[in-house]
$ cat data_39.txt   # compact mmCIF, C-alpha atoms
# COMPACT_ATOMS: atom_id res chain seq x y z
CA MET A 1 -13.34 2.22 -75.09
CA PRO A 2 -13.48 4.94 -77.70
CA PHE A 3 -11.93 8.26 -76.69
CA VAL A 4 -14.40 11.08 -76.00
CA ASN A 5 -12.95 14.45 -76.99
CA GLY A 6 -14.89 16.64 -74.54
CA LEU A 7 -17.94 16.52 -76.79
CA THR A 8 -21.13 14.82 -75.73
CA GLY A 9 -21.83 11.90 -78.02
CA TYR A 10 -18.77 12.52 -80.21
CA HIS A 11 -16.21 9.78 -80.65
CA ALA A 12 -12.93 10.87 -82.10
CA ASN A 13 -12.88 8.14 -84.74
CA SER A 14 -16.61 7.79 -85.29
CA GLY A 15 -17.02 10.47 -87.97
CA VAL A 16 -20.18 11.61 -86.18
CA THR A 17 -20.80 15.37 -86.14
CA PRO A 18 -20.91 16.76 -82.59
CA LEU A 19 -24.41 17.62 -81.38
CA ALA A 20 -23.58 19.54 -78.26
CA VAL A 21 -20.63 21.02 -76.40
CA THR A 22 -19.95 20.52 -72.72
CA ASN A 23 -18.88 23.12 -70.12
CA GLY A 24 -21.51 25.69 -71.16
CA SER A 25 -20.23 25.99 -74.75
CA CYS A 26 -23.63 24.96 -76.14
CA LYS A 27 -25.27 27.85 -74.29
CA GLN A 28 -22.65 30.24 -75.64
CA GLU A 29 -23.29 29.08 -79.19
CA LYS A 30 -27.02 29.66 -78.76
CA ASN A 31 -26.34 33.17 -77.45
CA VAL A 32 -24.15 33.95 -80.44
CA ALA A 33 -26.81 32.64 -82.81
CA ASN A 34 -29.50 34.73 -81.10
CA ASN A 35 -27.29 37.82 -81.25
CA MET A 36 -26.74 37.29 -84.98
CA LYS A 37 -30.48 37.01 -85.48
CA ASN A 38 -31.02 40.24 -83.52
CA ILE A 39 -28.39 42.05 -85.59
CA LYS A 40 -29.99 40.82 -88.82
CA SER A 41 -33.40 41.92 -87.54
CA ILE A 42 -32.08 45.39 -86.75
CA ARG A 43 -30.52 45.63 -90.22
CA ASP A 44 -33.71 44.44 -91.87
CA ASP A 45 -35.72 47.08 -90.01
CA LYS A 46 -33.54 49.92 -91.32
CA PRO A 47 -35.07 51.87 -94.19
CA PRO A 48 -33.25 51.19 -97.47
CA THR A 49 -30.66 53.72 -98.54
CA ARG A 50 -30.87 55.25 -102.00
CA GLU A 51 -27.95 53.05 -103.06
CA ASP A 52 -30.04 50.02 -102.09
CA MET A 53 -32.60 51.13 -104.69
CA ILE A 54 -30.20 50.97 -107.63
CA PRO A 55 -30.76 47.29 -108.59
CA GLU A 56 -34.55 47.64 -108.63
CA LEU A 57 -34.42 50.92 -110.55
CA ALA A 58 -31.94 49.43 -113.01
CA ALA A 59 -34.29 46.50 -113.59
CA SER A 60 -37.08 48.97 -114.34
CA TYR A 61 -34.91 50.82 -116.87
CA ARG A 62 -33.91 47.50 -118.45
CA SER A 63 -37.57 46.60 -118.84
CA LEU A 64 -38.27 50.04 -120.31
CA LEU A 65 -35.56 49.57 -122.93
CA LYS A 66 -37.09 46.24 -123.91
CA ASP A 67 -40.54 47.82 -124.16
CA LEU A 68 -39.09 50.46 -126.49
CA GLY A 69 -37.87 47.70 -128.78
CA GLU A 70 -34.22 47.97 -127.79
CA ASP A 71 -31.80 45.22 -126.81
CA PRO A 72 -30.46 45.98 -123.29
CA SER A 73 -27.73 43.38 -123.78
CA ARG A 74 -26.02 45.16 -126.69
CA GLU A 75 -22.75 46.88 -125.91
CA GLY A 76 -23.98 50.47 -125.94
CA LEU A 77 -26.83 49.74 -123.54
CA LEU A 78 -25.24 47.11 -121.34
CA LYS A 79 -24.58 49.46 -118.42
CA THR A 80 -27.24 52.03 -119.27
CA PRO A 81 -29.84 50.78 -116.73
CA GLU A 82 -27.40 51.17 -113.84
CA ARG A 83 -26.18 54.55 -115.10
CA ALA A 84 -29.74 55.79 -115.52
CA ALA A 85 -30.69 54.54 -112.05
CA LYS A 86 -27.78 56.38 -110.43
CA ALA A 87 -28.52 59.52 -112.44
CA MET A 88 -32.18 59.55 -111.41
CA LEU A 89 -31.21 59.15 -107.75
CA PHE A 90 -28.90 62.14 -108.11
CA PHE A 91 -31.55 64.21 -109.88
CA THR A 92 -33.93 63.54 -106.97
CA LYS A 93 -31.49 63.63 -104.05
CA GLY A 94 -33.54 66.42 -102.47
CA TYR A 95 -35.88 63.76 -101.07
CA ASP A 96 -33.07 62.76 -98.69
CA GLN A 97 -32.52 66.32 -97.47
CA THR A 98 -34.38 68.71 -95.20
CA VAL A 99 -34.10 72.46 -94.76
CA GLN A 100 -32.94 71.87 -91.17
CA ASP A 101 -30.09 69.70 -92.42
CA VAL A 102 -28.72 72.23 -94.90
CA MET A 103 -29.31 75.26 -92.66
CA ASN A 104 -27.11 73.75 -89.93
CA ASP A 105 -28.20 76.52 -87.50
CA ALA A 106 -26.72 79.24 -89.75
CA VAL A 107 -29.17 81.91 -88.54
CA PHE A 108 -27.68 84.97 -86.88
CA GLU A 109 -28.97 87.89 -84.84
CA GLU A 110 -28.32 91.10 -86.78
CA ASP A 111 -29.68 94.60 -86.20
CA THR A 112 -30.75 95.29 -89.76
CA GLU A 113 -33.99 95.65 -91.67
CA ASP A 114 -32.48 96.26 -95.11
CA MET A 115 -33.56 93.86 -97.82
CA VAL A 116 -31.24 90.92 -98.47
CA ILE A 117 -31.14 89.85 -102.13
CA VAL A 118 -29.43 86.85 -103.72
CA LYS A 119 -29.75 86.77 -107.53
CA ASP A 120 -29.41 84.22 -110.30
CA ILE A 121 -28.98 81.01 -108.33
CA GLU A 122 -28.71 78.17 -110.85
CA MET A 123 -31.57 75.67 -110.62
CA PHE A 124 -32.03 72.23 -112.19
CA SER A 125 -35.14 70.16 -111.62
CA MET A 126 -37.33 67.42 -113.11
CA CYS A 127 -40.86 67.98 -114.40
CA GLU A 128 -43.12 65.59 -112.50
CA HIS A 129 -45.53 65.33 -115.44
CA HIS A 130 -43.08 64.02 -118.07
CA LEU A 131 -39.89 63.22 -116.13
CA VAL A 132 -37.82 65.56 -118.28
CA PRO A 133 -35.65 68.44 -117.02
CA PHE A 134 -36.44 72.07 -116.51
CA TRP A 135 -33.83 74.56 -115.44
CA GLY A 136 -33.24 78.23 -114.92
CA LYS A 137 -32.42 80.79 -112.24
CA VAL A 138 -33.80 81.67 -108.83
CA SER A 139 -33.60 85.09 -107.19
CA VAL A 140 -34.57 85.63 -103.57
CA GLY A 141 -35.12 88.74 -101.48
CA TYR A 142 -36.28 89.05 -97.89
CA LEU A 143 -36.77 91.79 -95.31
CA PRO A 144 -35.08 90.65 -92.09
CA THR A 145 -36.48 91.32 -88.64
CA LYS A 146 -33.26 91.24 -86.60
CA LYS A 147 -32.31 87.81 -88.01
CA VAL A 148 -30.36 86.87 -91.15
CA MET A 149 -29.30 83.56 -92.65
CA GLY A 150 -26.02 82.57 -94.25
CA LEU A 151 -26.18 83.56 -97.91
CA SER A 152 -25.03 80.13 -99.11
CA LYS A 153 -27.95 78.58 -97.24
CA ILE A 154 -30.40 80.22 -99.65
CA ALA A 155 -28.73 78.39 -102.53
CA ARG A 156 -28.85 75.16 -100.52
CA ILE A 157 -32.58 75.59 -99.90
CA VAL A 158 -33.07 76.00 -103.65
CA GLU A 159 -31.13 72.77 -104.17
CA VAL A 160 -33.21 70.82 -101.62
CA PHE A 161 -36.50 71.56 -103.36
CA SER A 162 -35.32 71.64 -106.97
CA ARG A 163 -33.72 68.18 -106.73
CA ARG A 164 -37.13 66.54 -106.60
CA LEU A 165 -39.95 65.87 -109.05
CA GLN A 166 -41.46 69.32 -109.31
CA VAL A 167 -43.65 71.91 -110.95
CA GLN A 168 -42.30 75.44 -111.04
CA GLU A 169 -45.24 76.88 -109.11
CA ARG A 170 -44.74 74.58 -106.12
CA LEU A 171 -40.97 74.97 -106.22
CA THR A 172 -41.28 78.75 -105.93
CA LYS A 173 -43.70 78.50 -103.03
CA GLN A 174 -41.61 75.94 -101.13
CA ILE A 175 -38.49 78.11 -101.34
CA ALA A 176 -40.39 81.14 -100.03
CA GLU A 177 -41.98 79.16 -97.19
CA ALA A 178 -38.63 77.68 -96.15
CA ILE A 179 -37.07 81.14 -95.87
CA GLU A 180 -40.06 82.41 -93.92
CA GLU A 181 -39.75 79.54 -91.47
CA ALA A 182 -35.98 79.95 -91.10
CA VAL A 183 -35.74 83.69 -90.29
CA GLN A 184 -39.35 84.95 -89.91
CA PRO A 185 -38.80 88.00 -92.17
CA SER A 186 -41.35 90.76 -92.51
CA GLY A 187 -41.54 89.87 -96.20
CA VAL A 188 -40.02 87.53 -98.75
CA ALA A 189 -40.04 87.41 -102.55
CA VAL A 190 -38.87 84.56 -104.77
CA VAL A 191 -38.57 84.71 -108.56
CA VAL A 192 -38.01 81.49 -110.53
CA GLU A 193 -37.28 81.64 -114.27
CA GLY A 194 -37.40 78.29 -116.01
CA THR A 195 -37.06 76.64 -119.41
CA HIS A 196 -39.04 73.41 -119.64
CA MET A 197 -37.96 70.57 -121.88
CA CYS A 198 -41.53 69.24 -121.88
CA MET A 199 -42.35 72.29 -124.02
CA VAL A 200 -39.14 72.21 -126.06
CA MET A 201 -38.75 68.51 -126.97
CA ARG A 202 -42.46 67.66 -127.23
CA GLY A 203 -45.89 69.32 -127.26
CA VAL A 204 -45.79 72.82 -128.71
CA GLN A 205 -41.97 72.61 -129.17
CA LYS A 206 -41.34 76.25 -128.38
CA ASP A 207 -37.61 76.44 -127.74
CA GLN A 208 -37.72 80.09 -126.66
CA HIS A 209 -40.45 79.61 -124.08
CA GLU A 210 -39.70 80.80 -120.56
CA GLN A 211 -41.90 80.67 -117.50
CA LEU A 212 -41.44 83.17 -114.70
CA ARG A 213 -43.02 82.65 -111.31
CA LEU A 214 -43.02 85.27 -108.54
CA GLN A 215 -44.00 84.40 -104.99
CA CYS A 216 -44.31 87.24 -102.46
CA SER A 217 -45.50 87.47 -98.89
CA GLY A 218 -45.67 89.98 -96.08
CA ASN A 219 -44.43 93.45 -96.95
CA SER A 220 -42.96 92.20 -100.22
CA GLY A 221 -46.31 92.33 -102.01
CA ALA A 222 -48.71 89.87 -103.65
CA THR A 223 -48.23 86.75 -105.71
CA ALA A 224 -47.78 87.28 -109.45
CA ARG A 225 -47.06 85.07 -112.41
CA ARG A 226 -45.89 85.79 -115.95
CA GLU A 227 -45.29 83.52 -118.92
CA LYS A 228 -43.68 84.58 -122.15
CA SER A 229 -42.71 82.93 -125.41
CA SER A 230 -41.25 84.06 -128.68

$ encode --input "data_39.txt" --output "structure tokens"
Amino acid sequence: MPFVNGLTGYHANSGVTPLAVTNGSCKQEKNVANNMKNIKSIRDDKPPTREDMIPELAASYRSLLKDLGEDPSREGLLKTPERAAKAMLFFTKGYDQTVQDVMNDAVFEEDTEDMVIVKDIEMFSMCEHHLVPFWGKVSVGYLPTKKVMGLSKIARIVEVFSRRLQVQERLTKQIAEAIEEAVQPSGVAVVVEGTHMCMVMRGVQKDQHEQLRLQCSGNSGATARREKSS
């Protein structure tokens, strides 16, 4: 009689693959399989990270290069789609951040009503109309009402909103509103000075053009806007 090696329907010398395991092993295998399915389901339900987007973005850049008449397989462009994808994700990393994240509860009770001013914060952003950069400086002032925020947090708020597809008008307003929400000042003023490559590299091609946007609220005054070129 052929020897049975503890496996239902499996003969040691038969070459037949075992179909089931005795002593509850079959049930254990099913549980493991179900657990693996559940883990995969949980992973599949997670929103994709920005790193997960790189292959699809790179494919889009590769297609763009072809449409422009270039050869994406030549040496100089071989890794360009991946580089461009990673760069664009960095330029727009503000979509993954919130004001609450960068503030990290850095709001403090302080018996002062003197204006707090932070000047000339460097700003880099992307024009949402042409997907080219604009950059400049941001200056912020607010009148505290017994609450102040860490000075570095103002620069971080600027970074959150500037690292997105933007227009300068909305960027200025979002910075002002974020500061208002964070410390409820009696007034806040934000000045954004920007040079826009969509006006330097194309269009009117005015390389000395500068746009200045001023957003005020509360006791700081009214909204104003000035544009200048030379």

$ closest_residue --input "data_39.txt" --among "A:Lys147, A:Arg202, A:His129, A:Lys93" --to "Ser162 of chain A" --atoms "all atoms listed in the file"
A:Lys93

$ closest_residue --input "data_39.txt" --among "A:Phe124, A:Trp135, A:Phe161, A:Tyr142" --to "Asp96 of chain A" --atoms "only C-alpha atoms"
A:Phe161

$ closest_residue --input "data_39.txt" --among "A:Val99, A:Leu89, A:Val148, A:Ile117" --to "Gln184 of chain A" --atoms "only C-alpha atoms"
A:Val148

$ atom_distance --input "data_39.txt" --atom1 "atom CA of Lys153 of chain A" --atom2 "atom CA of Ala106 of chain A"
7.6 Å

$ residues_around --input "data_39.txt" --residues "Glu110 of chain A" --least-positions-apart "4" --cutoff "12 Å" --atoms "only C-alpha atoms" --output "ChimeraX atom specification"
/A:114,144-150,183

$ write_last_selection --input "data_39.txt" --atoms "C-alpha atoms" --output "compact mmCIF listing (two decimals), in the frame of the given file"
# COMPACT_ATOMS: atom_id res chain seq x y z
CA ASP A 114 -32.48 96.26 -95.11
CA PRO A 144 -35.08 90.65 -92.09
CA THR A 145 -36.48 91.32 -88.64
CA LYS A 146 -33.26 91.24 -86.60
CA LYS A 147 -32.31 87.81 -88.01
CA VAL A 148 -30.36 86.87 -91.15
CA MET A 149 -29.30 83.56 -92.65
CA GLY A 150 -26.02 82.57 -94.25
CA VAL A 183 -35.74 83.69 -90.29

$ residues_near_point --input "data_39.txt" --point "(-35.2, 76.3, -113.9)" --cutoff "10 Å" --atoms "only C-alpha atoms" --output "PyMOL selection string"
chain A and resi 121-126+133-138+162+167-168+171+192-196+210-212

$ atom_distance --input "data_39.txt" --atom1 "atom CA of Arg164 of chain A" --atom2 "atom CA of Phe91 of chain A"
6.9 Å

$ residues_around --input "data_39.txt" --residues "Tyr61 of chain A" --least-positions-apart "2" --cutoff "10 Å" --atoms "only C-alpha atoms" --output "VMD selection string"
chain A and resid 55 to 59 63 to 67 72 80 to 85

$ atom_distance --input "data_39.txt" --atom1 "atom CA of Ser152 of chain A" --atom2 "atom CA of Val116 of chain A"
12.5 Å

$ closest_residue --input "data_39.txt" --among "A:Leu68, A:Met199, A:Val140, A:Val188" --to "Cys127 of chain A" --atoms "only C-alpha atoms"
A:Met199

$ closest_residue --input "data_39.txt" --among "A:Met88, A:Ile54, A:Met103, A:Ala189" --to "Glu159 of chain A" --atoms "only C-alpha atoms"
A:Met103

$ closest_residue --input "data_39.txt" --among "A:Asp101, A:Leu143, A:Val200, A:Leu165" --to "Ser217 of chain A" --atoms "only C-alpha atoms"
A:Leu143

$ decode --input "data_39.txt" --residues "segment 50-76 of chain A" --atoms "N, CA, C and O atoms" --output "mmCIF file, in the first residue's frame"
data_model
loop_
_atom_site.group_PDB
_atom_site.id
_atom_site.type_symbol
_atom_site.label_atom_id
_atom_site.label_comp_id
_atom_site.auth_asym_id
_atom_site.auth_seq_id
_atom_site.Cartn_x
_atom_site.Cartn_y
_atom_site.Cartn_z
ATOM 1 N N ARG A 50 2.575 60.978 -3.539
ATOM 2 C CA ARG A 50 3.061 61.741 -4.685
ATOM 3 C C ARG A 50 4.152 60.969 -5.431
ATOM 4 O O ARG A 50 4.289 61.102 -6.644
ATOM 5 N N GLU A 51 4.891 60.135 -4.700
ATOM 6 C CA GLU A 51 5.892 59.297 -5.366
ATOM 7 C C GLU A 51 5.223 58.290 -6.306
ATOM 8 O O GLU A 51 5.784 57.935 -7.347
ATOM 9 N N ASP A 52 4.021 57.841 -5.925
ATOM 10 C CA ASP A 52 3.301 56.892 -6.779
ATOM 11 C C ASP A 52 2.902 57.520 -8.121
ATOM 12 O O ASP A 52 2.617 56.808 -9.085
ATOM 13 N N MET A 53 2.870 58.854 -8.166
ATOM 14 C CA MET A 53 2.441 59.546 -9.370
ATOM 15 C C MET A 53 3.556 59.718 -10.390
ATOM 16 O O MET A 53 3.309 60.101 -11.538
ATOM 17 N N ILE A 54 4.798 59.450 -9.982
ATOM 18 C CA ILE A 54 5.939 59.718 -10.861
ATOM 19 C C ILE A 54 5.859 58.967 -12.186
ATOM 20 O O ILE A 54 6.062 59.576 -13.253
ATOM 21 N N PRO A 55 5.577 57.642 -12.200
ATOM 22 C CA PRO A 55 5.545 56.954 -13.496
ATOM 23 C C PRO A 55 4.529 57.536 -14.474
ATOM 24 O O PRO A 55 4.829 57.702 -15.666
ATOM 25 N N GLU A 56 3.323 57.856 -13.977
ATOM 26 C CA GLU A 56 2.304 58.404 -14.872
ATOM 27 C C GLU A 56 2.684 59.799 -15.366
ATOM 28 O O GLU A 56 2.494 60.129 -16.543
ATOM 29 N N LEU A 57 3.229 60.620 -14.470
ATOM 30 C CA LEU A 57 3.670 61.951 -14.883
ATOM 31 C C LEU A 57 4.817 61.844 -15.887
ATOM 32 O O LEU A 57 4.861 62.591 -16.877
ATOM 33 N N ALA A 58 5.744 60.933 -15.624
ATOM 34 C CA ALA A 58 6.866 60.757 -16.545
ATOM 35 C C ALA A 58 6.380 60.338 -17.925
ATOM 36 O O ALA A 58 6.909 60.807 -18.952
ATOM 37 N N ALA A 59 5.373 59.470 -17.966
ATOM 38 C CA ALA A 59 4.812 59.055 -19.252
ATOM 39 C C ALA A 59 4.204 60.245 -19.985
ATOM 40 O O ALA A 59 4.316 60.363 -21.214
ATOM 41 N N SER A 60 3.577 61.149 -19.240
ATOM 42 C CA SER A 60 2.996 62.350 -19.850
ATOM 43 C C SER A 60 4.090 63.247 -20.424
ATOM 44 O O SER A 60 3.950 63.792 -21.527
ATOM 45 N N TYR A 61 5.179 63.417 -19.682
ATOM 46 C CA TYR A 61 6.288 64.232 -20.194
ATOM 47 C C TYR A 61 6.935 63.577 -21.414
ATOM 48 O O TYR A 61 7.343 64.260 -22.353
ATOM 49 N N ARG A 62 7.022 62.251 -21.405
ATOM 50 C CA ARG A 62 7.592 61.538 -22.553
ATOM 51 C C ARG A 62 6.738 61.764 -23.804
ATOM 52 O O ARG A 62 7.251 62.013 -24.893
ATOM 53 N N SER A 63 5.422 61.717 -23.599
ATOM 54 C CA SER A 63 4.508 61.969 -24.712
ATOM 55 C C SER A 63 4.624 63.413 -25.199
ATOM 56 O O SER A 63 4.572 63.683 -26.405
ATOM 57 N N LEU A 64 4.795 64.340 -24.264
ATOM 58 C CA LEU A 64 4.956 65.743 -24.626
ATOM 59 C C LEU A 64 6.204 65.947 -25.476
ATOM 60 O O LEU A 64 6.180 66.675 -26.483
ATOM 61 N N LEU A 65 7.297 65.312 -25.086
ATOM 62 C CA LEU A 65 8.530 65.435 -25.866
ATOM 63 C C LEU A 65 8.335 64.924 -27.291
ATOM 64 O O LEU A 65 8.818 65.533 -28.252
ATOM 65 N N LYS A 66 7.630 63.816 -27.424
ATOM 66 C CA LYS A 66 7.339 63.281 -28.756
ATOM 67 C C LYS A 66 6.506 64.268 -29.566
ATOM 68 O O LYS A 66 6.758 64.494 -30.755
ATOM 69 N N ASP A 67 5.489 64.850 -28.919
ATOM 70 C CA ASP A 67 4.619 65.797 -29.610
ATOM 71 C C ASP A 67 5.382 67.039 -30.073
ATOM 72 O O ASP A 67 4.999 67.684 -31.057
ATOM 73 N N LEU A 68 6.451 67.373 -29.343
ATOM 74 C CA LEU A 68 7.267 68.528 -29.715
ATOM 75 C C LEU A 68 8.246 68.196 -30.838
ATOM 76 O O LEU A 68 8.970 69.072 -31.308
ATOM 77 N N GLY A 69 8.275 66.928 -31.238
ATOM 78 C CA GLY A 69 9.167 66.519 -32.305
ATOM 79 C C GLY A 69 10.511 66.021 -31.821
ATOM 80 O O GLY A 69 11.437 65.812 -32.622
ATOM 81 N N GLU A 70 10.635 65.807 -30.523
ATOM 82 C CA GLU A 70 11.889 65.325 -29.957
ATOM 83 C C GLU A 70 11.896 63.799 -29.876
ATOM 84 O O GLU A 70 10.860 63.142 -30.007
ATOM 85 N N ASP A 71 13.065 63.260 -29.617
ATOM 86 C CA ASP A 71 13.238 61.822 -29.449
ATOM 87 C C ASP A 71 13.546 61.547 -27.977
ATOM 88 O O ASP A 71 14.680 61.748 -27.535
ATOM 89 N N PRO A 72 12.563 61.093 -27.198
ATOM 90 C CA PRO A 72 12.781 60.864 -25.762
ATOM 91 C C PRO A 72 13.808 59.784 -25.463
ATOM 92 O O PRO A 72 14.261 59.676 -24.323
ATOM 93 N N SER A 73 14.191 59.001 -26.476
ATOM 94 C CA SER A 73 15.134 57.918 -26.239
ATOM 95 C C SER A 73 16.592 58.350 -26.437
ATOM 96 O O SER A 73 17.511 57.579 -26.164
ATOM 97 N N ARG A 74 16.812 59.576 -26.934
ATOM 98 C CA ARG A 74 18.200 60.008 -27.104
ATOM 99 C C ARG A 74 18.817 60.308 -25.738
ATOM 100 O O ARG A 74 18.117 60.578 -24.766
ATOM 101 N N GLU A 75 20.127 60.266 -25.685
ATOM 102 C CA GLU A 75 20.844 60.293 -24.411
ATOM 103 C C GLU A 75 20.476 61.482 -23.528
ATOM 104 O O GLU A 75 20.235 61.334 -22.332
ATOM 105 N N GLY A 76 20.416 62.657 -24.115
ATOM 106 C CA GLY A 76 20.149 63.853 -23.311
ATOM 107 C C GLY A 76 18.764 63.915 -22.708
ATOM 108 O O GLY A 76 18.532 64.627 -21.728
#
